[in-house]
Amino acid sequence: MAMNIESVVQENDAEEDTCCKPYREQFAEFEEVNTIIAHLSDICDTQIAKERAIGRLIFILDEYQEQPHLLDPYLETLLETLLTTVRRPQCPAPLLHVVFTVLYLITKVRGFKVILRLLPHEVSDLEPILSMLDGYTDDFYELDMAGERNETWPTRYMLILWLSITAMIPFAMSRFDSGHVSETGETRKPVMDRILDVGKKYLTVTDKTRDAAAYLVSKFVTRPDVRITKLSGFINWSLDAIQSAKSSMTDMNLLCGNLSALSLMFKHGKREDILPYAVLILNRLSANNLISHDNMVIRKYNIKVVQRLGLTFLKPKVAAWRYTRGTRSLADSLAKNGTTASDCNVKSVELDEEDYDIPEEIETVIELLLNGLRDKDTVVRWSAAKGVGRITSRLPRELADDVVGSVLEMFTHMELDSAWHGGCLALAELGRRGLLLPQRLSEVVPVVLKALIYDERRGNFSVGAHVRDAACYVCWSFARAYDPAELKPYVDNIARALVVVTVFDREVNCRMAAAAAFQENVGRQGQFPHGIDILTTADYYTVGSKTNSFLYLSVYIAQFEEYTTALIDHLITIKLHHWDRAIRELTALALHNLTFCAPSYMAEKILPGIVPLVTNMDLSTRHGAILAASEVLYALALEAKKQQRPLEDFISVDTQQKLMAIPVILLEAKLLRGLGGELMSQALSSLIEKASLAQLPLSVIDAWMSFTDDCLHHVEIDVRSKAISALPAFFEQNLEMENERNADYRSRIIKSYITELRSSSEITRMGYALALGAMPKFMLTGCLNLVLGALINAVAITDASLKWAEGRRDAIHALSSVCKTVGIDPLTASSDCSLSPELVAQVYDCLFRAMRDYTLDSRGDVGAWVREAAMIALKEITLLVIETAPELITPQICEMMMCSVVQQAAEKIDRTRVIAGKTFTALLCADRPEVPHIPYRKELLQIFSRQECSVLNWTAPSEVFPPISKLLYFPTYTYSVLLGLCVSIGGLTESLVKHSSHSLFSYLSEVSSDREALRHFCNNFLKIFRDYQRDSRVTLPLLKMFDQLLINGSLTTIATDEEINFFPEVVALCKIEIRQCSDPQKLMASSDVFSDLLQFDGEVRQKSLSHLMIFLCHKYPRVRTSTANKLYEALLTYEGIVDDDTLETVMNIISEAQWVEDVSVVRPIRNQLCKLMGIPVPMPAAKR
């Protein structure tokens, strides 16, 4: 049967990886769960089967966490099956534990209150449950006491919960006391004491059993018969435990358990029974000052006890004065949109004449709860807020109003963010319960509006997201609590505030909370301006993207004039100064977009107000102001152009002059240096760009150029990038006009940039290379040959620039940009205005050299950046050439281009492979017009069709290498593909090696009978080995690849081919490669190759054995050990290496020798092996 249940679980394991339905209609897995439960007895002793069954149940039941009610029709059946097993006489302990674990899983999903109602509570169950908990009759408790408490806590938890309902049987507990005397003469404890002992015992544990024990004690001591004799004693015991608690973990657990039990006791007990103890408990708790305890759980339970004490002091009655809303139907609310208060069914209830009996202790309770609202932990504040709401509902109107006033006093700048958050939670609770009368709304609404934008900066971060979230909850609760007529005076302010938070809050949870509150108000109140229109676009889900909210949703909402200025004003007053740089940048972009919604307002009010902020002492304000000013300036220029009006109609001359003077002001104030200088430089570059695009006349060109030059030298790439992006617009605005002054400026700038391109600093080269690439065409006219020559020289590798891969990368990007800017003139042999055929050839030659850049440094293969840039440039320039002058692409250029790209597509770096793949497919599939002279273009299109290329994942080795390896069939590509494959096959990544080697083996298997194809493959292999001799980047993976080919037997058929003489050539090349080599990895790889070559007879075997004998006395112990292991494996695998008479002796010597010993020790052993194997003993090389 154990196999049956295991098979049931195995059949359904696959479901765990599938996506579950977001909404379920029934408990679909009931039969499977019932089957697993029915066979628990068969698997309880098998650990693996038990774990699989429990794991499957956890997976199934967790899917119903959000829809637990679907389990209700089946709960009775499941519990009956489980409890029948538990009630079985002499049920083994392992089975008990498994059953109660399953029962706990069901309880966790459905909730213990529902499960308690279904648990049997017969008299006959009381004694067995107590016996199991006492450990008298069952073996499982022995496991528990043996230190396996962590494994058995679900059992104890469910037993105590079961006991809590069983102990409520309507019979006096004394009737179950038999007075039985044990063999030792001791009288058995009364049942009442035993139950209390269980509760007290488990109030000290750390697991969930403590919660069940607190529930058990609270229900049990409030029984009528138990209350008389045990309630007072238990309360005294609890208070003594609280009083004597120290800082130890055991005391903390006991303190938590007792506070939890007391809170539940005051919740479940009758008021008249527990009221006499309330004052005592309150005094003791106040004396212990638990409200300031370090432990959050203790503070939370303390608040729970305090609020229950407060409810005990007050009579349980609903306040007659509380506000009740007449219309509770959403449909009715929408139907009565715009009605007055007199039209709504709202009754003003006058205070009744009955006197309230308010004890003095209520003041202490309320004070403690108000302090709890200021607690540093959210759960404590939330509990205190609920307590404030509950107690206020039982107070007279005057006292309740005082409580509201006390809560409102928490919203001051003297209070911390925790007080604001707690106050918002309390206001939401008071409003939801109708305890916040409409007369108070004039004071409450302004406070809530402040809370909606609360954000306190703390160093390099801020706090306040929880306050804004809670303020949204207040607005949500007000929508459900008040009649539309009551909220009508505040609707516009609330709507604007919620819209602002919905689109402009930094935190996604706050944006979603505001969207939910806005939606609730639109539905319940029915009078938010354009509410339905806004909800259809800015709903709970669309606000999830911060960029989308800032840049698009805000523009849509701003089209409604009720919200336009509110959105803009919020950005200027709050977000412009925000501590987060990303928010300030989004604010500037949002202001740009919003300018078109209110151009006059932005021009007359906003822009003049932003300009003075650029010299503010606060860095965030300066940065945000410059960004905002530049974006608003550009937007107003676009609006002026759209309306065909001069810019002066929107921006005054005075404001324009102030904007243009900003660089001088900042330079004089030295605000571009030191802390924050990087941010300010980027912002100022943005201002230069936008001002140039706005065609603002500049009078301080020298100052602006000096600033730009400083940015191009800057070490931070963001500073350089911003300056480079500003250059084209700046040049076009100020230097495009043809005159002597501008021509002189252009000449000096180009010469200066070319000079800096030869700088001894890589950062300077990077900045000025990209700056040359950003030049507009008129700047390059007359200097094209100089610029291209300088960039080509910057791509070349010299001794001084060997490690400057980033500089070469940026030079290639610039080279491509310049080519695209100036275009091609095929009719001119030599031109300084556009690319001539000669320049095109030079550019291609430069890019082909860059494709061979494999520079290494501490960061790894940094040359990959250069190769990637070169591939992108090849694609862009080639597509440019074929549109204008396809005849410039010669067969030689096309072949070199395609082969170099294919090589990169077969190599090991995923990022590089992606770029190579996209470049290859773009060139191959180009058809308007097509790239000329591509070798085997038709055949390649059959392998790489446009449809397949569109879905091919170039990062996945399993998808890339099968089609790439097919290029080995075409002689033009064999060398390049094989070169790339050898690097991949000899790599380190398991998936890369697996799929690349499998593709190569498949190819060799298909051509195994084609002697000519194998010869071509081997010749290319030897050519690669010769071309990259002593280049470890290629030869090390090449040796590893060759080792795999020999092991796989892919080249066995070539061994007898005398024409190619392949294996002797490999041995000779390996000998050259390892000569004076000190790389252990390469030595061990060559040792593997020599060992695998032993399978071939004749000269190859003899030379391989000679090299292996040399390795057996190598200076590196790991090389000697690896060689010995590989030689031993070869002797086992291949026949004929050693005579059968000496084979066993040789293998024994190899296996028994300690090859890690000193060379002087292992050399005699090696010499003995040489004699036995008939090989000349290697002689040590004479020292020079």
# chains A, B, ... in the order shown; residues from 1 in each chain; ligands from 1
$ residues_around --residues "Cys833 of chain A" --least-positions-apart "4" --cutoff "10 Å" --atoms "only C-alpha atoms" --output "list in words"
Lys777, Phe778, Met779, Leu780, Thr781, Gly782, Cys783, Leu784, Asn785, Val822, Gly823, Ile824 and Asp825 of chain A
$ write_last_selection --atoms "N, CA and C atoms" --output "compact mmCIF listing (two decimals), in the first residue's frame"
# COMPACT_ATOMS: atom_id res chain seq x y z
N LYS A 777 27.16 66.98 -39.19
CA LYS A 777 27.90 66.88 -40.44
C LYS A 777 28.66 68.15 -40.77
N PHE A 778 28.08 69.31 -40.50
CA PHE A 778 28.77 70.55 -40.86
C PHE A 778 30.06 70.73 -40.06
N MET A 779 30.14 70.13 -38.87
CA MET A 779 31.38 70.22 -38.08
C MET A 779 32.47 69.35 -38.69
N LEU A 780 32.09 68.25 -39.34
CA LEU A 780 33.06 67.32 -39.90
C LEU A 780 33.50 67.69 -41.30
N THR A 781 32.73 68.53 -41.96
CA THR A 781 33.06 68.92 -43.33
C THR A 781 34.43 69.61 -43.37
N GLY A 782 35.29 69.10 -44.22
CA GLY A 782 36.63 69.65 -44.35
C GLY A 782 37.64 69.01 -43.43
N CYS A 783 37.17 68.23 -42.47
CA CYS A 783 38.08 67.59 -41.50
C CYS A 783 37.85 66.08 -41.42
N LEU A 784 37.08 65.54 -42.37
CA LEU A 784 36.67 64.14 -42.25
C LEU A 784 37.85 63.19 -42.23
N ASN A 785 38.82 63.41 -43.13
CA ASN A 785 39.98 62.53 -43.17
C ASN A 785 40.76 62.55 -41.86
N VAL A 822 28.08 61.34 -42.10
CA VAL A 822 28.54 61.96 -43.35
C VAL A 822 28.06 61.22 -44.59
N GLY A 823 27.71 59.95 -44.47
CA GLY A 823 27.25 59.21 -45.64
C GLY A 823 28.38 58.82 -46.57
N ILE A 824 28.01 58.29 -47.73
CA ILE A 824 28.98 57.75 -48.69
C ILE A 824 28.81 58.43 -50.03
N ASP A 825 29.95 58.76 -50.63
CA ASP A 825 29.96 59.35 -51.98
C ASP A 825 30.82 58.47 -52.87
$ residues_around --residues "segment 558-572 of chain A" --least-positions-apart "5" --cutoff "7 Å" --atoms "only C-alpha atoms" --output "list in words"
Arg496, Val500, Thr587, Leu591 and Cys597 of chain A
$ residues_around --residues "Asp810 of chain A" --least-positions-apart "3" --cutoff "8 Å" --atoms "only C-alpha atoms" --output "list in words"
Met766, Ala769, Leu770, Glu806, Gly807, His813, Ala814 and Ala869 of chain A
$ write_last_selection --atoms "N, CA and C atoms" --output "mmCIF file, in the first residue's frame"
data_model
loop_
_atom_site.group_PDB
_atom_site.id
_atom_site.type_symbol
_atom_site.label_atom_id
_atom_site.label_comp_id
_atom_site.auth_asym_id
_atom_site.auth_seq_id
_atom_site.Cartn_x
_atom_site.Cartn_y
_atom_site.Cartn_z
ATOM 1 N N MET A 766 38.137 58.172 -24.221
ATOM 2 C CA MET A 766 36.746 57.722 -24.308
ATOM 3 C C MET A 766 35.812 58.906 -24.511
ATOM 4 N N ALA A 769 36.481 60.650 -28.008
ATOM 5 C CA ALA A 769 36.114 59.802 -29.143
ATOM 6 C C ALA A 769 34.608 59.868 -29.379
ATOM 7 N N LEU A 770 33.838 59.700 -28.309
ATOM 8 C CA LEU A 770 32.379 59.766 -28.444
ATOM 9 C C LEU A 770 31.927 61.174 -28.820
ATOM 10 N N GLU A 806 38.108 49.769 -23.292
ATOM 11 C CA GLU A 806 36.944 50.667 -23.311
ATOM 12 C C GLU A 806 37.188 51.860 -24.240
ATOM 13 N N GLY A 807 38.419 52.333 -24.260
ATOM 14 C CA GLY A 807 38.742 53.421 -25.174
ATOM 15 C C GLY A 807 38.588 52.993 -26.623
ATOM 16 N N HIS A 813 32.541 52.946 -31.715
ATOM 17 C CA HIS A 813 31.198 53.542 -31.735
ATOM 18 C C HIS A 813 31.233 54.898 -32.448
ATOM 19 N N ALA A 814 32.246 55.682 -32.143
ATOM 20 C CA ALA A 814 32.360 56.995 -32.783
ATOM 21 C C ALA A 814 32.592 56.855 -34.287
ATOM 22 N N ALA A 869 31.361 45.990 -30.187
ATOM 23 C CA ALA A 869 31.208 47.280 -30.863
ATOM 24 C C ALA A 869 31.539 47.161 -32.343
#
$ residues_around --residues "Gly389 of chain A" --least-positions-apart "6" --cutoff "10 Å" --atoms "only C-alpha atoms" --output "PyMOL selection string"
chain A and resi 307+400+403-404+425-436
$ write_last_selection --atoms "all heavy atoms" --output "tab-separated table (two decimals), in the first residue's frame"
chain	number	residue	atom	x	y	z
A	307	GLN	N	-6.55	47.07	25.91
A	307	GLN	CA	-7.83	47.40	25.27
A	307	GLN	C	-8.94	46.50	25.76
A	307	GLN	O	-10.09	46.95	25.92
A	307	GLN	CB	-7.71	47.34	23.75
A	307	GLN	CG	-7.47	45.98	23.16
A	307	GLN	CD	-7.65	45.97	21.65
A	307	GLN	OE1	-8.77	46.07	21.16
A	307	GLN	NE2	-6.55	45.84	20.93
A	400	ALA	N	-15.70	60.90	23.85
A	400	ALA	CA	-15.26	60.39	22.56
A	400	ALA	C	-14.64	61.51	21.73
A	400	ALA	O	-13.65	61.31	21.04
A	400	ALA	CB	-16.42	59.75	21.82
A	403	VAL	N	-11.20	62.06	22.79
A	403	VAL	CA	-10.28	61.06	22.23
A	403	VAL	C	-9.89	61.44	20.80
A	403	VAL	O	-8.72	61.37	20.42
A	403	VAL	CB	-10.93	59.66	22.26
A	403	VAL	CG1	-10.05	58.65	21.52
A	403	VAL	CG2	-11.16	59.21	23.68
A	404	VAL	N	-10.89	61.87	20.01
A	404	VAL	CA	-10.60	62.29	18.65
A	404	VAL	C	-9.62	63.47	18.65
A	404	VAL	O	-8.68	63.53	17.85
A	404	VAL	CB	-11.89	62.67	17.92
A	404	VAL	CG1	-11.58	63.25	16.54
A	404	VAL	CG2	-12.80	61.45	17.78
A	425	LEU	N	-4.19	55.36	11.29
A	425	LEU	CA	-4.91	54.12	11.53
A	425	LEU	C	-6.08	54.33	12.49
A	425	LEU	O	-7.18	53.79	12.29
A	425	LEU	CB	-3.96	53.05	12.08
A	425	LEU	CG	-2.85	52.56	11.15
A	425	LEU	CD1	-1.96	51.55	11.87
A	425	LEU	CD2	-3.44	51.92	9.89
A	426	ALA	N	-5.84	55.15	13.52
A	426	ALA	CA	-6.91	55.43	14.48
A	426	ALA	C	-8.05	56.21	13.82
A	426	ALA	O	-9.24	55.91	14.06
A	426	ALA	CB	-6.34	56.20	15.67
A	427	LEU	N	-7.73	57.20	13.01
A	427	LEU	CA	-8.77	57.96	12.32
A	427	LEU	C	-9.58	57.06	11.40
A	427	LEU	O	-10.82	57.19	11.30
A	427	LEU	CB	-8.15	59.10	11.50
A	427	LEU	CG	-7.58	60.28	12.29
A	427	LEU	CD1	-6.95	61.29	11.34
A	427	LEU	CD2	-8.67	60.96	13.13
A	428	ALA	N	-8.91	56.13	10.71
A	428	ALA	CA	-9.62	55.21	9.84
A	428	ALA	C	-10.57	54.33	10.64
A	428	ALA	O	-11.72	54.10	10.24
A	428	ALA	CB	-8.63	54.36	9.05
A	429	GLU	N	-10.12	53.84	11.79
A	429	GLU	CA	-10.98	53.01	12.64
A	429	GLU	C	-12.16	53.80	13.18
A	429	GLU	O	-13.30	53.33	13.20
A	429	GLU	CB	-10.16	52.40	13.78
A	429	GLU	CG	-9.30	51.24	13.37
A	429	GLU	CD	-10.13	50.04	12.94
A	429	GLU	OE1	-11.06	49.66	13.67
A	429	GLU	OE2	-9.86	49.52	11.85
A	430	LEU	N	-11.89	55.02	13.62
A	430	LEU	CA	-12.97	55.86	14.15
A	430	LEU	C	-13.98	56.19	13.06
A	430	LEU	O	-15.20	56.15	13.29
A	430	LEU	CB	-12.39	57.14	14.75
A	430	LEU	CG	-11.54	56.97	16.01
A	430	LEU	CD1	-10.81	58.26	16.35
A	430	LEU	CD2	-12.40	56.52	17.18
A	431	GLY	N	-13.49	56.52	11.89
A	431	GLY	CA	-14.41	56.83	10.80
A	431	GLY	C	-15.20	55.62	10.36
A	431	GLY	O	-16.41	55.72	10.09
A	432	ARG	N	-14.56	54.48	10.29
A	432	ARG	CA	-15.24	53.27	9.85
A	432	ARG	C	-16.35	52.86	10.80
A	432	ARG	O	-17.36	52.29	10.38
A	432	ARG	CB	-14.20	52.14	9.73
A	432	ARG	CG	-14.67	50.90	9.03
A	432	ARG	CD	-13.52	49.95	8.79
A	432	ARG	NE	-12.92	49.50	10.02
A	432	ARG	CZ	-13.36	48.45	10.73
A	432	ARG	NH1	-14.41	47.77	10.31
A	432	ARG	NH2	-12.75	48.07	11.83
A	433	ARG	N	-16.17	53.15	12.08
A	433	ARG	CA	-17.17	52.78	13.09
A	433	ARG	C	-18.20	53.88	13.33
A	433	ARG	O	-19.04	53.75	14.22
A	433	ARG	CB	-16.46	52.45	14.41
A	433	ARG	CG	-15.52	51.26	14.33
A	433	ARG	CD	-14.69	51.12	15.58
A	433	ARG	NE	-13.70	50.05	15.45
A	433	ARG	CZ	-13.92	48.79	15.81
A	433	ARG	NH1	-15.08	48.44	16.32
A	433	ARG	NH2	-12.97	47.87	15.67
A	434	GLY	N	-18.11	54.98	12.57
A	434	GLY	CA	-19.06	56.06	12.74
A	434	GLY	C	-18.82	56.90	13.96
A	434	GLY	O	-19.73	57.60	14.44
A	435	LEU	N	-17.61	56.90	14.50
A	435	LEU	CA	-17.30	57.62	15.72
A	435	LEU	C	-16.65	58.98	15.42
A	435	LEU	O	-16.43	59.76	16.35
A	435	LEU	CB	-16.34	56.79	16.59
A	435	LEU	CG	-16.84	55.37	16.88
A	435	LEU	CD1	-15.77	54.58	17.62
A	435	LEU	CD2	-18.12	55.40	17.70
A	436	LEU	N	-16.35	59.24	14.18
A	436	LEU	CA	-15.80	60.52	13.76
A	436	LEU	C	-16.95	61.31	13.13
A	436	LEU	O	-17.32	61.11	11.98
A	436	LEU	CB	-14.67	60.30	12.75
A	436	LEU	CG	-13.70	61.44	12.51
A	436	LEU	CD1	-12.98	61.85	13.77
A	436	LEU	CD2	-12.68	61.04	11.45
$ closest_residue --among "A:Leu1046, A:Leu275, A:Val98, A:Leu255" --to "Asn288 of chain A" --atoms "only C-alpha atoms"
A:Leu255
$ residues_around --residues "segment 516-520 of chain A" --least-positions-apart "3" --cutoff "10 Å" --atoms "only C-alpha atoms" --output "number ranges by chain"
A: 330, 471-480, 494-499, 502, 510-513, 523-526, 528, 531-532, 534-536, 538-541
$ closest_residue --among "A:Met168, A:Ile915, A:Met132, A:Leu40" --to "Pro94 of chain A" --atoms "only C-alpha atoms"
A:Leu40
$ residues_around --residues "Glu127 of chain A" --least-positions-apart "6" --cutoff "10 Å" --atoms "only C-alpha atoms" --output "PyMOL selection string"
chain A and resi 133+163+166+176+191
$ write_last_selection --atoms "all heavy atoms" --output "PDB file, in the first residue's frame"
ATOM      1  N   LEU A 133      -1.342  14.176  26.094  1.00  0.00           N
ATOM      2  CA  LEU A 133      -0.583  15.370  26.437  1.00  0.00           C
ATOM      3  C   LEU A 133       0.273  15.146  27.672  1.00  0.00           C
ATOM      4  O   LEU A 133       1.355  15.716  27.803  1.00  0.00           O
ATOM      5  CB  LEU A 133      -1.534  16.545  26.659  1.00  0.00           C
ATOM      6  CG  LEU A 133      -2.120  17.152  25.372  1.00  0.00           C
ATOM      7  CD1 LEU A 133      -3.250  18.108  25.705  1.00  0.00           C
ATOM      8  CD2 LEU A 133      -1.048  17.876  24.579  1.00  0.00           C
ATOM      9  N   LEU A 163      -8.470  19.817  22.966  1.00  0.00           N
ATOM     10  CA  LEU A 163      -8.780  19.855  24.395  1.00  0.00           C
ATOM     11  C   LEU A 163      -9.569  21.111  24.760  1.00  0.00           C
ATOM     12  O   LEU A 163     -10.441  21.082  25.638  1.00  0.00           O
ATOM     13  CB  LEU A 163      -7.474  19.799  25.192  1.00  0.00           C
ATOM     14  CG  LEU A 163      -7.600  19.836  26.716  1.00  0.00           C
ATOM     15  CD1 LEU A 163      -8.411  18.643  27.227  1.00  0.00           C
ATOM     16  CD2 LEU A 163      -6.221  19.852  27.367  1.00  0.00           C
ATOM     17  N   THR A 166     -13.091  20.313  23.907  1.00  0.00           N
ATOM     18  CA  THR A 166     -13.583  19.191  24.721  1.00  0.00           C
ATOM     19  C   THR A 166     -13.778  19.611  26.166  1.00  0.00           C
ATOM     20  O   THR A 166     -14.713  19.148  26.847  1.00  0.00           O
ATOM     21  CB  THR A 166     -12.589  18.018  24.638  1.00  0.00           C
ATOM     22  OG1 THR A 166     -12.336  17.708  23.263  1.00  0.00           O
ATOM     23  CG2 THR A 166     -13.140  16.788  25.336  1.00  0.00           C
ATOM     24  N   PHE A 176     -15.419  14.079  36.811  1.00  0.00           N
ATOM     25  CA  PHE A 176     -14.454  13.216  36.117  1.00  0.00           C
ATOM     26  C   PHE A 176     -13.303  12.797  37.018  1.00  0.00           C
ATOM     27  O   PHE A 176     -12.397  12.096  36.583  1.00  0.00           O
ATOM     28  CB  PHE A 176     -13.896  13.943  34.892  1.00  0.00           C
ATOM     29  CG  PHE A 176     -14.943  14.326  33.901  1.00  0.00           C
ATOM     30  CD1 PHE A 176     -15.435  15.614  33.864  1.00  0.00           C
ATOM     31  CD2 PHE A 176     -15.469  13.387  33.035  1.00  0.00           C
ATOM     32  CE1 PHE A 176     -16.402  15.972  32.960  1.00  0.00           C
ATOM     33  CE2 PHE A 176     -16.441  13.736  32.129  1.00  0.00           C
ATOM     34  CZ  PHE A 176     -16.923  15.031  32.088  1.00  0.00           C
ATOM     35  N   VAL A 191      -8.976  16.446  37.169  1.00  0.00           N
ATOM     36  CA  VAL A 191      -8.951  16.788  35.758  1.00  0.00           C
ATOM     37  C   VAL A 191      -8.778  18.289  35.569  1.00  0.00           C
ATOM     38  O   VAL A 191      -8.071  18.762  34.666  1.00  0.00           O
ATOM     39  CB  VAL A 191     -10.242  16.298  35.068  1.00  0.00           C
ATOM     40  CG1 VAL A 191     -10.333  16.827  33.639  1.00  0.00           C
ATOM     41  CG2 VAL A 191     -10.295  14.782  35.069  1.00  0.00           C
TER      42      VAL A 191
END
$ closest_residue --among "A:Glu990, A:Glu939, A:Glu1065, A:Asp718" --to "Phe1021 of chain A" --atoms "only C-alpha atoms"
A:Glu1065
$ closest_residue --among "A:Thr1123, A:Ser549, A:Thr152, A:Thr324" --to "Ile1110 of chain A" --atoms "only C-alpha atoms"
A:Thr1123
$ select_by_dssp --residues "segment 531-700 of chain A" --states "helix (DSSP H, G or I)" --output "VMD selection string"
chain A and resid 531 to 537 542 to 544 546 to 558 561 to 573 575 to 577 581 to 595 599 to 615 619 to 642 647 to 649 653 to 660 662 to 668 677 to 693
$ closest_residue --among "A:Gly609, A:Gly269, A:Ile985, A:Cys819" --to "Leu839 of chain A" --atoms "only C-alpha atoms"
A:Cys819
$ residues_around --residues "Ala774 of chain A" --least-positions-apart "6" --cutoff "8 Å" --atoms "only C-alpha atoms" --output "PDB file with N, CA and C atoms, in the first residue's frame"
ATOM      1  N   ILE A 724      28.132  64.700 -23.929  1.00  0.00           N
ATOM      2  CA  ILE A 724      28.185  64.280 -25.339  1.00  0.00           C
ATOM      3  C   ILE A 724      26.815  64.416 -25.991  1.00  0.00           C
ATOM      4  N   SER A 725      25.757  64.039 -25.264  1.00  0.00           N
ATOM      5  CA  SER A 725      24.415  64.156 -25.847  1.00  0.00           C
ATOM      6  C   SER A 725      24.018  65.607 -26.078  1.00  0.00           C
ATOM      7  N   LEU A 727      26.168  67.988 -27.102  1.00  0.00           N
ATOM      8  CA  LEU A 727      27.013  68.630 -28.108  1.00  0.00           C
ATOM      9  C   LEU A 727      26.326  68.859 -29.453  1.00  0.00           C
ATOM     10  N   PRO A 728      25.633  67.882 -30.036  1.00  0.00           N
ATOM     11  CA  PRO A 728      25.053  68.135 -31.359  1.00  0.00           C
ATOM     12  C   PRO A 728      24.114  69.341 -31.395  1.00  0.00           C
ATOM     13  N   ALA A 814      32.246  55.682 -32.143  1.00  0.00           N
ATOM     14  CA  ALA A 814      32.360  56.995 -32.783  1.00  0.00           C
ATOM     15  C   ALA A 814      32.592  56.855 -34.287  1.00  0.00           C
ATOM     16  N   SER A 817      29.362  56.127 -35.911  1.00  0.00           N
ATOM     17  CA  SER A 817      28.501  57.320 -35.912  1.00  0.00           C
ATOM     18  C   SER A 817      28.926  58.328 -36.968  1.00  0.00           C
ATOM     19  N   VAL A 818      30.217  58.532 -37.096  1.00  0.00           N
ATOM     20  CA  VAL A 818      30.719  59.479 -38.099  1.00  0.00           C
ATOM     21  C   VAL A 818      30.348  59.006 -39.496  1.00  0.00           C
TER      22      VAL A 818
END
$ closest_residue --among "A:Leu952, A:Phe1062, A:Tyr1003, A:Lys994" --to "Asn1019 of chain A" --atoms "only C-alpha atoms"
A:Phe1062
$ atom_distance --atom1 "atom CA of Ala514 of chain A" --atom2 "atom CA of Gly544 of chain A"
11.7 Å
